[in-house]
file target_3.csv (CSV, C-alpha atoms)
chain,number,residue,atom,x,y,z
N,1,MET,CA,1.5,3.4,27.1
N,2,VAL,CA,1.9,2.7,23.5
N,3,PRO,CA,5.1,4.3,22.2
N,4,GLN,CA,4.5,7.3,20.0
N,5,PHE,CA,6.4,5.9,17.1
N,6,LEU,CA,4.0,2.9,16.9
N,7,ILE,CA,1.1,5.3,16.9
N,8,ASP,CA,2.8,7.3,14.2
N,9,PHE,CA,3.5,4.1,12.2
N,10,ARG,CA,-0.1,3.0,12.5
N,11,ASP,CA,-1.3,6.4,11.3
N,12,TRP,CA,1.1,6.3,8.4
N,13,ILE,CA,0.0,2.9,7.1
N,14,SER,CA,-3.6,3.8,7.7
N,15,GLN,CA,-3.5,6.3,4.8
N,16,PRO,CA,-4.8,5.0,1.5
N,17,TRP,CA,-2.0,2.9,-0.1
N,18,PRO,CA,-0.6,4.1,-3.4
N,19,TRP,CA,-0.2,1.5,-6.2
N,20,TYR,CA,3.6,1.5,-5.8
N,21,ALA,CA,3.2,0.3,-2.2
N,22,ALA,CA,0.6,-2.4,-2.9
N,23,GLY,CA,2.1,-3.8,-6.1
N,24,PRO,CA,5.6,-4.7,-4.7
N,25,MET,CA,3.9,-6.0,-1.5
N,26,LEU,CA,2.0,-8.5,-3.7
N,27,ALA,CA,5.2,-9.5,-5.3
N,28,LEU,CA,6.8,-9.9,-1.9
N,29,ILE,CA,3.8,-12.1,-0.8
N,30,MET,CA,4.4,-14.3,-4.0
N,31,PHE,CA,8.1,-14.6,-3.1
N,32,ILE,CA,7.4,-15.5,0.5
N,33,LEU,CA,5.0,-18.3,-0.6
N,34,LEU,CA,7.6,-19.6,-3.1
N,35,TRP,CA,10.1,-19.6,-0.4
N,36,PHE,CA,7.7,-21.6,1.8
N,37,GLY,CA,7.4,-24.0,-1.2
N,38,HIS,CA,4.1,-23.0,-2.6
N,39,GLU,CA,2.6,-21.0,-5.5
N,40,PHE,CA,0.4,-18.0,-4.9
N,41,GLY,CA,-3.2,-18.7,-6.0
N,42,ILE,CA,-6.3,-17.9,-4.0
N,43,SER,CA,-9.0,-19.3,-6.2
N,44,ASP,CA,-7.8,-22.9,-5.6
N,45,ASN,CA,-9.4,-22.6,-2.2
N,46,PHE,CA,-12.8,-22.9,-3.8
N,47,ARG,CA,-11.8,-26.3,-5.1
N,48,LEU,CA,-10.3,-27.3,-1.7
N,49,MET,CA,-13.5,-26.2,0.0
N,50,CYS,CA,-15.6,-28.3,-2.4
N,51,ALA,CA,-13.4,-31.3,-1.8
N,52,ALA,CA,-13.4,-30.8,2.0
N,53,ASP,CA,-17.3,-30.6,1.9
N,54,GLY,CA,-17.5,-34.1,0.3
N,55,ALA,CA,-17.2,-33.3,-3.5
N,56,ASP,CA,-14.1,-35.6,-3.5
N,57,GLU,CA,-16.5,-38.6,-3.4
N,58,MET,CA,-18.7,-37.3,-6.2
N,59,ASN,CA,-16.3,-36.3,-8.9
N,60,GLU,CA,-12.7,-37.1,-9.8
N,61,PHE,CA,-11.8,-33.4,-10.3
N,62,PHE,CA,-12.2,-33.0,-6.6
N,63,LYS,CA,-10.3,-36.2,-5.6
N,64,ILE,CA,-7.5,-34.2,-4.2
N,65,ASN,CA,-5.8,-34.4,-0.9
N,66,TRP,CA,-7.3,-31.2,0.4
N,67,GLN,CA,-5.3,-31.4,3.6
N,68,ALA,CA,-2.3,-30.8,1.5
N,69,GLY,CA,-3.9,-27.5,0.6
N,70,GLU,CA,-4.2,-26.5,4.2
N,71,TRP,CA,-1.5,-23.8,3.7
N,72,ASN,CA,-3.7,-22.1,1.1
N,73,LEU,CA,-6.8,-22.3,3.2
N,74,LEU,CA,-4.8,-20.6,6.0
N,75,VAL,CA,-3.8,-17.8,3.6
N,76,ALA,CA,-7.5,-17.3,2.9
N,77,LEU,CA,-8.2,-17.3,6.6
N,78,GLY,CA,-5.4,-14.8,7.1
N,79,ALA,CA,-7.0,-12.6,4.4
N,80,VAL,CA,-10.2,-12.6,6.4
N,81,PHE,CA,-8.3,-11.5,9.5
N,82,GLY,CA,-6.4,-8.9,7.4
N,83,GLY,CA,-9.7,-7.5,6.3
N,84,TYR,CA,-10.9,-7.3,9.9
N,85,ILE,CA,-7.7,-5.6,11.0
N,86,ALA,CA,-7.6,-3.1,8.2
N,87,SER,CA,-11.3,-2.1,8.6
N,88,HIS,CA,-11.1,-1.8,12.4
N,89,TYR,CA,-7.7,-0.6,13.3
N,90,LEU,CA,-6.3,1.0,10.1
N,91,VAL,CA,-9.1,3.3,9.1
N,92,GLY,CA,-7.8,6.2,7.0
N,93,PRO,CA,-8.4,9.9,7.6
N,94,ASP,CA,-11.5,9.9,5.3
N,95,GLY,CA,-12.9,6.6,6.6
N,96,ASP,CA,-13.4,3.5,4.4
N,97,VAL,CA,-14.0,5.2,1.1
N,98,ALA,CA,-12.9,4.4,-2.4
N,99,HIS,CA,-11.0,7.4,-3.8
N,100,ILE,CA,-12.3,7.1,-7.3
N,101,SER,CA,-11.8,9.7,-9.9
N,102,ASP,CA,-14.3,12.4,-10.9
N,103,SER,CA,-14.7,10.8,-14.3
N,104,THR,CA,-15.7,7.5,-12.6
N,105,ILE,CA,-18.2,9.3,-10.4
N,106,GLU,CA,-19.6,10.9,-13.5
N,107,SER,CA,-20.0,7.7,-15.5
N,108,LEU,CA,-21.6,6.0,-12.5
N,109,ARG,CA,-24.0,8.9,-12.3
N,110,GLN,CA,-25.0,8.3,-15.9
N,111,ILE,CA,-26.1,4.7,-15.1
N,112,GLY,CA,-27.9,6.0,-12.0
N,113,ILE,CA,-25.4,5.2,-9.2
N,114,GLN,CA,-24.9,8.2,-6.8
N,115,PHE,CA,-23.5,8.6,-3.3
N,116,ASP,CA,-24.2,10.7,-0.3
N,117,ASN,CA,-21.9,13.7,-0.1
N,118,GLY,CA,-20.1,12.5,-3.2
N,119,LYS,CA,-18.0,9.9,-1.5
N,120,ALA,CA,-18.0,6.3,-2.7
N,121,PRO,CA,-17.9,3.6,0.0
N,122,LEU,CA,-15.6,0.6,-0.6
N,123,VAL,CA,-18.6,-1.6,-1.2
N,124,PRO,CA,-21.7,-0.2,-3.0
N,125,ASP,CA,-25.0,-0.4,-1.1
N,126,PHE,CA,-26.5,-2.7,-3.8
N,127,ILE,CA,-24.2,-5.4,-2.4
N,128,SER,CA,-25.9,-5.9,0.9
N,129,TRP,CA,-28.2,-8.3,2.8
N,130,GLU,CA,-31.0,-5.8,2.3
N,131,ASN,CA,-30.6,-6.1,-1.5
N,132,ILE,CA,-30.1,-9.8,-1.7
N,133,PHE,CA,-33.7,-10.6,-2.4
N,134,SER,CA,-33.9,-8.1,-5.2
N,135,TRP,CA,-33.1,-9.7,-8.6
N,136,GLN,CA,-30.4,-7.0,-9.1
N,137,GLY,CA,-28.7,-7.6,-5.8
N,138,LEU,CA,-28.8,-11.4,-6.1
N,139,LEU,CA,-27.6,-11.3,-9.7
N,140,ILE,CA,-24.6,-9.2,-8.9
N,141,ILE,CA,-23.4,-11.1,-5.9
N,142,ALA,CA,-24.4,-14.7,-6.6
N,143,GLY,CA,-24.0,-14.3,-10.4
N,144,GLY,CA,-20.6,-12.7,-10.0
N,145,GLY,CA,-19.4,-15.3,-7.5
N,146,PHE,CA,-20.6,-18.1,-9.7
N,147,LEU,CA,-18.9,-16.8,-12.8
N,148,VAL,CA,-15.7,-16.2,-10.8
N,149,GLY,CA,-15.7,-19.7,-9.4
N,150,PHE,CA,-16.5,-21.3,-12.7
N,151,GLY,CA,-14.1,-19.2,-14.8
N,152,ALA,CA,-11.2,-19.3,-12.4
N,153,ARG,CA,-11.1,-23.1,-12.4
N,154,TYR,CA,-11.7,-23.3,-16.2
N,155,ALA,CA,-8.8,-20.9,-16.7
N,156,GLY,CA,-6.7,-22.6,-14.0
N,157,GLY,CA,-6.3,-19.5,-11.9
N,158,CYS,CA,-7.4,-16.1,-10.9
N,159,THR,CA,-5.8,-12.7,-10.5
N,160,SER,CA,-3.2,-14.0,-8.1
N,161,GLY,CA,-2.4,-17.2,-9.9
N,162,HIS,CA,-2.3,-15.8,-13.5
N,163,ALA,CA,-2.0,-12.0,-13.4
N,164,ILE,CA,0.7,-12.0,-10.7
N,165,SER,CA,2.4,-15.4,-10.4
N,166,GLY,CA,2.0,-16.4,-14.0
N,167,LEU,CA,3.0,-13.2,-15.6
N,168,SER,CA,6.0,-12.9,-13.2
N,169,ALA,CA,7.2,-16.3,-14.5
N,170,LEU,CA,6.6,-15.1,-18.1
N,171,GLN,CA,3.9,-17.7,-18.8
N,172,LEU,CA,2.2,-17.2,-22.1
N,173,PRO,CA,-0.9,-19.1,-20.9
N,174,SER,CA,-1.3,-16.6,-18.1
N,175,LEU,CA,-1.1,-13.7,-20.5
N,176,ILE,CA,-3.9,-15.3,-22.5
N,177,ALA,CA,-5.9,-15.7,-19.3
N,178,VAL,CA,-5.3,-12.1,-18.4
N,179,VAL,CA,-6.4,-11.0,-21.8
N,180,GLY,CA,-9.5,-13.1,-21.2
N,181,PHE,CA,-10.1,-11.5,-17.8
N,182,PHE,CA,-10.0,-8.0,-19.4
N,183,LEU,CA,-12.2,-8.9,-22.3
N,184,GLY,CA,-14.8,-10.4,-19.9
N,185,GLY,CA,-14.6,-7.5,-17.6
N,186,LEU,CA,-15.0,-4.9,-20.4
N,187,PHE,CA,-17.9,-6.9,-21.9
N,188,MET,CA,-19.6,-6.9,-18.4
N,189,THR,CA,-18.9,-3.2,-17.6
N,190,TYR,CA,-19.8,-1.7,-21.0
N,191,ILE,CA,-22.5,-4.1,-22.3
N,192,LEU,CA,-24.2,-6.0,-19.5
N,193,LEU,CA,-23.9,-3.7,-16.4
N,194,PRO,CA,-25.9,-0.8,-18.0
N,195,LEU,CA,-28.7,-3.3,-18.6
N,196,ILE,CA,-28.8,-4.3,-14.9
N,197,PHE,CA,-29.0,-0.7,-13.6
E,1,MET,CA,2.9,-23.4,15.0
E,2,ARG,CA,4.5,-24.1,11.7
E,3,MET,CA,1.3,-23.4,9.8
E,4,SER,CA,0.6,-20.1,11.4
E,5,ARG,CA,3.1,-18.4,9.1
E,6,TYR,CA,0.5,-18.7,6.3
E,7,ILE,CA,-2.0,-16.8,8.4
E,8,PHE,CA,0.5,-14.0,8.6
E,9,VAL,CA,1.0,-14.0,4.8
E,10,GLY,CA,-2.8,-13.8,4.5
E,11,ILE,CA,-3.1,-10.9,6.9
E,12,LEU,CA,-0.5,-9.0,4.9
E,13,LEU,CA,-2.4,-9.8,1.7
E,14,GLY,CA,-5.6,-8.6,3.3
E,15,ILE,CA,-4.2,-5.3,4.6
E,16,THR,CA,-2.5,-4.7,1.2
E,17,LEU,CA,-5.6,-5.1,-0.9
E,18,TYR,CA,-7.9,-3.4,1.5
E,19,LYS,CA,-5.7,-0.3,2.0
E,20,SER,CA,-5.0,0.0,-1.7
E,21,GLU,CA,-8.8,-0.1,-2.3
E,22,ALA,CA,-8.4,-3.1,-4.7
E,23,VAL,CA,-11.3,-4.7,-2.8
E,24,SER,CA,-13.6,-2.0,-3.9
E,25,TRP,CA,-16.3,-2.6,-6.5
E,26,PHE,CA,-15.9,1.0,-7.6
E,27,ARG,CA,-12.2,0.6,-8.2
E,28,ILE,CA,-12.8,-2.4,-10.4
E,29,TYR,CA,-15.5,-0.5,-12.4
E,30,GLU,CA,-13.0,2.4,-12.7
E,31,MET,CA,-10.3,0.1,-13.9
E,32,PHE,CA,-12.5,-1.4,-16.7
E,33,HIS,CA,-13.4,2.2,-17.7
E,34,PHE,CA,-9.7,3.2,-17.8
E,35,GLN,CA,-10.4,6.1,-15.5
E,36,SER,CA,-7.6,5.6,-13.0
E,37,PHE,CA,-4.1,4.2,-12.9
E,38,GLN,CA,-4.4,2.7,-9.4
E,39,LEU,CA,-5.3,-0.9,-10.3
E,40,TYR,CA,-3.0,-1.0,-13.4
E,41,GLY,CA,-0.2,0.4,-11.2
E,42,ILE,CA,-0.8,-2.3,-8.6
E,43,ILE,CA,-0.9,-5.2,-11.0
E,44,GLY,CA,1.8,-3.7,-13.2
E,45,SER,CA,4.3,-3.0,-10.4
E,46,ALA,CA,3.6,-6.4,-8.9
E,47,VAL,CA,4.4,-8.0,-12.2
E,48,VAL,CA,7.6,-6.0,-12.7
E,49,ALA,CA,8.8,-6.7,-9.2
E,50,GLY,CA,7.7,-10.3,-9.6
E,51,ILE,CA,9.7,-10.8,-12.9
E,52,LEU,CA,12.8,-9.5,-11.1
E,53,ILE,CA,12.2,-11.8,-8.2
E,54,VAL,CA,11.7,-14.9,-10.4
E,55,ARG,CA,14.8,-14.0,-12.4
E,56,LEU,CA,16.8,-13.7,-9.3
E,57,ILE,CA,15.5,-17.1,-8.0
E,58,LYS,CA,16.5,-18.8,-11.2
E,59,LYS,CA,19.9,-17.1,-11.5
E,60,ARG,CA,20.8,-17.9,-7.9
E,61,HIS,CA,19.2,-21.4,-7.9
E,62,MET,CA,17.5,-20.4,-4.7
E,63,HIS,CA,16.1,-23.0,-2.4
E,64,ASN,CA,12.9,-23.0,-0.4
E,65,ILE,CA,12.9,-23.6,3.3
E,66,GLU,CA,12.4,-27.3,2.8
E,67,GLY,CA,15.8,-27.3,1.1
E,68,GLN,CA,14.6,-27.9,-2.4
E,69,GLU,CA,15.4,-25.7,-5.3
E,70,ILE,CA,12.5,-23.4,-6.2
E,71,VAL,CA,11.1,-24.5,-9.5
E,72,ILE,CA,8.1,-22.7,-11.1
E,73,LYS,CA,6.4,-25.2,-13.4
E,74,ASP,CA,5.4,-24.1,-16.8
E,75,LYS,CA,1.6,-24.0,-17.4
E,76,ALA,CA,0.3,-26.3,-20.1
E,77,MET,CA,-0.3,-24.4,-23.4
E,78,SER,CA,-3.8,-23.9,-24.7
E,79,VAL,CA,-5.8,-21.0,-26.1
E,80,PRO,CA,-9.5,-21.8,-25.6
E,81,ARG,CA,-9.1,-22.9,-22.0
E,82,TYR,CA,-7.4,-19.6,-20.8
E,83,LEU,CA,-9.3,-17.3,-23.1
E,84,ILE,CA,-12.8,-18.7,-22.5
E,85,GLY,CA,-12.2,-19.4,-18.8
E,86,GLY,CA,-10.6,-16.0,-18.4
E,87,PHE,CA,-13.5,-14.3,-20.1
E,88,ILE,CA,-16.0,-16.0,-17.8
E,89,PHE,CA,-13.9,-15.0,-14.8
E,90,GLY,CA,-13.6,-11.5,-16.0
E,91,MET,CA,-17.3,-11.1,-16.3
E,92,GLY,CA,-17.7,-12.2,-12.7
E,93,TRP,CA,-14.9,-9.9,-11.6
E,94,GLY,CA,-16.6,-6.9,-13.4
E,95,LEU,CA,-20.1,-7.8,-12.0
E,96,ALA,CA,-19.3,-8.5,-8.3
E,97,GLY,CA,-16.3,-6.2,-8.3
E,98,ALA,CA,-14.2,-8.6,-6.4
E,99,CYS,CA,-11.9,-11.5,-7.3
E,100,PRO,CA,-11.3,-14.3,-4.9
E,101,ALA,CA,-8.9,-12.7,-2.5
E,102,PRO,CA,-10.9,-9.5,-2.0
E,103,MET,CA,-14.0,-11.7,-1.3
E,104,PHE,CA,-12.2,-13.2,1.7
E,105,ILE,CA,-11.0,-9.8,2.8
E,106,LEU,CA,-14.4,-8.2,2.6
E,107,LEU,CA,-15.9,-11.0,4.6
E,108,GLY,CA,-13.4,-10.2,7.3
E,109,SER,CA,-14.1,-6.5,7.1
E,110,GLY,CA,-17.8,-7.2,8.0
E,111,VAL,CA,-19.5,-7.3,4.6
E,112,THR,CA,-20.9,-10.7,5.5
E,113,VAL,CA,-23.1,-10.8,2.4
E,114,PHE,CA,-20.0,-12.0,0.6
E,115,ILE,CA,-20.8,-15.4,2.0
E,116,VAL,CA,-23.4,-15.6,-0.8
E,117,TYR,CA,-20.5,-15.0,-3.3
E,118,LEU,CA,-18.4,-17.7,-1.6
E,119,VAL,CA,-21.2,-20.3,-1.9
E,120,ALA,CA,-21.9,-19.2,-5.5
E,121,ALA,CA,-18.2,-19.5,-6.3
E,122,MET,CA,-18.0,-23.0,-4.8
E,123,THR,CA,-21.1,-23.9,-6.9
E,124,GLY,CA,-19.4,-22.6,-10.0
E,125,THR,CA,-16.2,-24.5,-9.2
E,126,PHE,CA,-18.2,-27.6,-8.6
E,127,LEU,CA,-20.2,-27.2,-11.8
E,128,TYR,CA,-16.9,-26.8,-13.7
E,129,GLY,CA,-15.6,-30.0,-12.2
E,130,LYS,CA,-18.8,-31.8,-13.5
E,131,LEU,CA,-18.7,-30.3,-17.0
E,132,ARG,CA,-14.9,-30.3,-17.4
E,133,LYS,CA,-14.7,-33.2,-19.8
E,134,ARG,CA,-17.3,-31.7,-22.1
E,135,LEU,CA,-15.7,-28.2,-22.3
E,136,PRO,CA,-13.0,-27.2,-24.8
E,137,HIS,CA,-9.6,-27.1,-23.2
call {"tool": "encode", "arguments": {"input": "target_3.csv", "output": "structure tokens"}}
result
Amino acid sequence: MVPQFLIDFRDWISQPWPWYAAGPMLALIMFILLWFGHEFGISDNFRLMCAADGADEMNEFFKINWQAGEWNLLVALGAVFGGYIASHYLVGPDGDVAHISDSTIESLRQIGIQFDNGKAPLVPDFISWENIFSWQGLLIIAGGGFLVGFGARYAGGCTSGHAISGLSALQLPSLIAVVGFFLGGLFMTYILLPLIF
Amino acid sequence: MRMSRYIFVGILLGITLYKSEAVSWFRIYEMFHFQSFQLYGIIGSAVVAGILIVRLIKKRHMHNIEGQEIVIKDKAMSVPRYLIGGFIFGMGWGLAGACPAPMFILLGSGVTVFIVYLVAAMTGTFLYGKLRKRLPH
């Protein structure tokens, strides 16, 4: 028998997490990694994976001791497990839906994105294997991934490295990078996305 | 099992971003439309808590578990590198609706199509490595 308080605890954390739970948790994760002697930054894993796949012999940017980045690859692996656990064992009362605002539902409707019974899933159906061979589906996932991979290394970090670690350490370069993230995101959402849909 | 602690940190990261819906394409779209406080609250409260943590680390000269004092290196100053690189990253974030950590998390949740994103991101990183010397930094 599983003790009742554990079941209650699981039900409690299975509700959608408010921002004030998630934000401090991210800061705690940053602190734990600093305490372990490392800096929080997920996108460096792309470079480590390139190096591990042999890019270290092709280009000096990848001549890094990727084994020294093993800790970070394990954080990424842990994130994969975390996604599995959250989606299988911590499903909220409404299922895996994104609780987006009514105004977002309305602006999505205007560009032709609608959902069954008005509930948005976490991942839209245009991001799927069924859609991967349509130009739209491929552009969104492969194009998005490519820009993220290129841009993160160019800027020297992603949301975790700049927006969280960098801003916490009051780094001006990180603030510039975050301004860049937002300008790029706004340009995509307002100008380019309506052209795709 | 010294390294397994990093897997636990990753699991915590995965559950946090999944349950707060930061992994959702719709939440990212909503953020860039300024229609919800959720993502701003997550990043904002993480930064506020982070600033306090970093201040405390410096004030107390805290040491890491290896026994060395925790030092956060300053990032080299530049404008074009961070602004252009950040802009490109932001376009990808707005398009695919996921930054690197959510990509790993969604893979684990069973949205295996994100393997295409991962390969594309590695390709982008590789191309950056190739072009690095010719780009403004």
call {"tool": "closest_residue", "arguments": {"input": "target_3.csv", "among": "N:Leu108, N:Met30, N:Ala51, N:Ala76", "to": "Thr189 (chain N)", "atoms": "all atoms listed in the file"}}
result
N:Leu108
call {"tool": "atom_distance", "arguments": {"input": "target_3.csv", "atom1": "CA of Gly86 (chain E)", "atom2": "CA of Ala101 (chain E)"}}
result
16.3 Å
call {"tool": "closest_residue", "arguments": {"input": "target_3.csv", "among": "N:Pro121, N:Gly166, N:Gly54, N:Gly151", "to": "Gly95 (chain N)", "atoms": "only C-alpha atoms"}}
result
N:Pro121
call {"tool": "closest_residue", "arguments": {"input": "target_3.csv", "among": "E:Ile28, E:Val48, E:Leu56, E:Ile115", "to": "Gly90 (chain E)", "atoms": "only C-alpha atoms"}}
result
E:Ile28
call {"tool": "residues_near_point", "arguments": {"input": "target_3.csv", "point": "(-9.3, -4.7, 6.9)", "cutoff": "9 Å", "atoms": "all atoms listed in the file", "output": "list in words"}}
result
Ala79, Val80, Phe81, Gly82, Gly83, Tyr84, Ile85, Ala86, Ser87, His88, Tyr89, Leu90 and Val91 of chain N; Ile11, Gly14, Ile15, Thr16, Leu17, Tyr18, Lys19, Ile105, Leu106, Gly108, Ser109 and Gly110 of chain E
call {"tool": "residues_around", "arguments": {"input": "target_3.csv", "residues": "region 15-20 of chain N", "least_positions_apart": "4", "cutoff": "6 Å", "atoms": "only C-alpha atoms", "output": "PDB file with C-alpha atoms, in the coordinates of the input"}}
result
ATOM      1  CA  GLY N  92      -7.800   6.200   7.000  1.00  0.00           C
TER       2      GLY N  92
ATOM      3  CA  LYS E  19      -5.700  -0.300   2.000  1.00  0.00           C
ATOM      4  CA  SER E  20      -5.000   0.000  -1.700  1.00  0.00           C
ATOM      5  CA  GLN E  38      -4.400   2.700  -9.400  1.00  0.00           C
ATOM      6  CA  GLY E  41      -0.200   0.400 -11.200  1.00  0.00           C
ATOM      7  CA  ILE E  42      -0.800  -2.300  -8.600  1.00  0.00           C
TER       8      ILE E  42
END
call {"tool": "residues_near_point", "arguments": {"input": "target_3.csv", "point": "(-25.8, -15.5, -10.2)", "cutoff": "12 Å", "atoms": "all atoms listed in the file", "output": "list in words"}}
result
Ile132, Trp135, Gln136, Gly137, Leu138, Leu139, Ile140, Ile141, Ala142, Gly143, Gly144, Gly145, Phe146, Leu147, Val148, Gly149 and Phe150 of chain N; Met91, Gly92, Leu95, Ala96, Val116, Tyr117, Leu118, Val119, Ala120, Ala121, Thr123 and Gly124 of chain E
call {"tool": "residues_around", "arguments": {"input": "target_3.csv", "residues": "Asn59 (chain N)", "least_positions_apart": "4", "cutoff": "9 Å", "atoms": "only C-alpha atoms", "output": "list in words"}}
result
Ala55 and Lys63 of chain N; Phe126, Gly129 and Lys130 of chain E
call {"tool": "atom_distance", "arguments": {"input": "target_3.csv", "atom1": "CA of Trp25 (chain E)", "atom2": "CA of Ala120 (chain N)"}}
result
9.8 Å
call {"tool": "closest_residue", "arguments": {"input": "target_3.csv", "among": "N:Ile64, N:Ile42, N:Ile111, N:Ile196", "to": "chain E", "atoms": "all atoms listed in the file"}}
result
N:Ile42
call {"tool": "closest_residue", "arguments": {"input": "target_3.csv", "among": "N:Ser134, N:Gln114, N:Gln4, N:Asn72", "to": "chain E", "atoms": "all atoms listed in the file"}}
result
N:Asn72
call {"tool": "decode", "arguments": {"input": "target_3.csv", "residues": "region 176-191 of chain N", "atoms": "N, CA and C atoms", "output": "CSV table (one decimal), in the first residue's frame"}}
result
chain,number,residue,atom,x,y,z
N,176,ILE,N,21.7,41.8,-23.2
N,176,ILE,CA,21.7,42.1,-24.7
N,176,ILE,C,21.2,40.8,-25.4
N,177,ALA,N,21.6,39.6,-25.0
N,177,ALA,CA,21.2,38.4,-25.6
N,177,ALA,C,19.7,38.2,-25.4
N,178,VAL,N,19.2,38.5,-24.2
N,178,VAL,CA,17.8,38.3,-23.9
N,178,VAL,C,16.9,39.3,-24.7
N,179,VAL,N,17.4,40.5,-24.9
N,179,VAL,CA,16.7,41.5,-25.8
N,179,VAL,C,16.7,40.9,-27.2
N,180,GLY,N,17.8,40.3,-27.6
N,180,GLY,CA,17.9,39.7,-28.9
N,180,GLY,C,16.8,38.6,-29.0
N,181,PHE,N,16.7,37.7,-28.0
N,181,PHE,CA,15.8,36.6,-28.0
N,181,PHE,C,14.4,37.2,-28.3
N,182,PHE,N,14.1,38.2,-27.5
N,182,PHE,CA,12.7,38.8,-27.6
N,182,PHE,C,12.4,39.4,-29.0
N,183,LEU,N,13.4,40.2,-29.5
N,183,LEU,CA,13.2,40.8,-30.8
N,183,LEU,C,13.0,39.7,-31.8
N,184,GLY,N,13.8,38.7,-31.8
N,184,GLY,CA,13.7,37.6,-32.7
N,184,GLY,C,12.4,36.9,-32.6
N,185,GLY,N,12.0,36.6,-31.4
N,185,GLY,CA,10.7,36.0,-31.1
N,185,GLY,C,9.5,36.8,-31.6
N,186,LEU,N,9.6,38.1,-31.4
N,186,LEU,CA,8.5,39.0,-31.8
N,186,LEU,C,8.4,39.1,-33.3
N,187,PHE,N,9.6,39.1,-33.9
N,187,PHE,CA,9.7,39.2,-35.4
N,187,PHE,C,9.0,37.9,-36.0
N,188,MET,N,9.4,36.8,-35.4
N,188,MET,CA,8.8,35.5,-35.8
N,188,MET,C,7.3,35.5,-35.6
N,189,THR,N,6.9,35.8,-34.4
N,189,THR,CA,5.4,35.6,-34.1
N,189,THR,C,4.5,36.6,-34.9
N,190,TYR,N,5.0,37.8,-35.0
N,190,TYR,CA,4.1,38.8,-35.7
N,190,TYR,C,4.3,38.9,-37.2
N,191,ILE,N,5.5,38.7,-37.7
N,191,ILE,CA,5.7,38.9,-39.1
N,191,ILE,C,5.8,37.6,-39.9
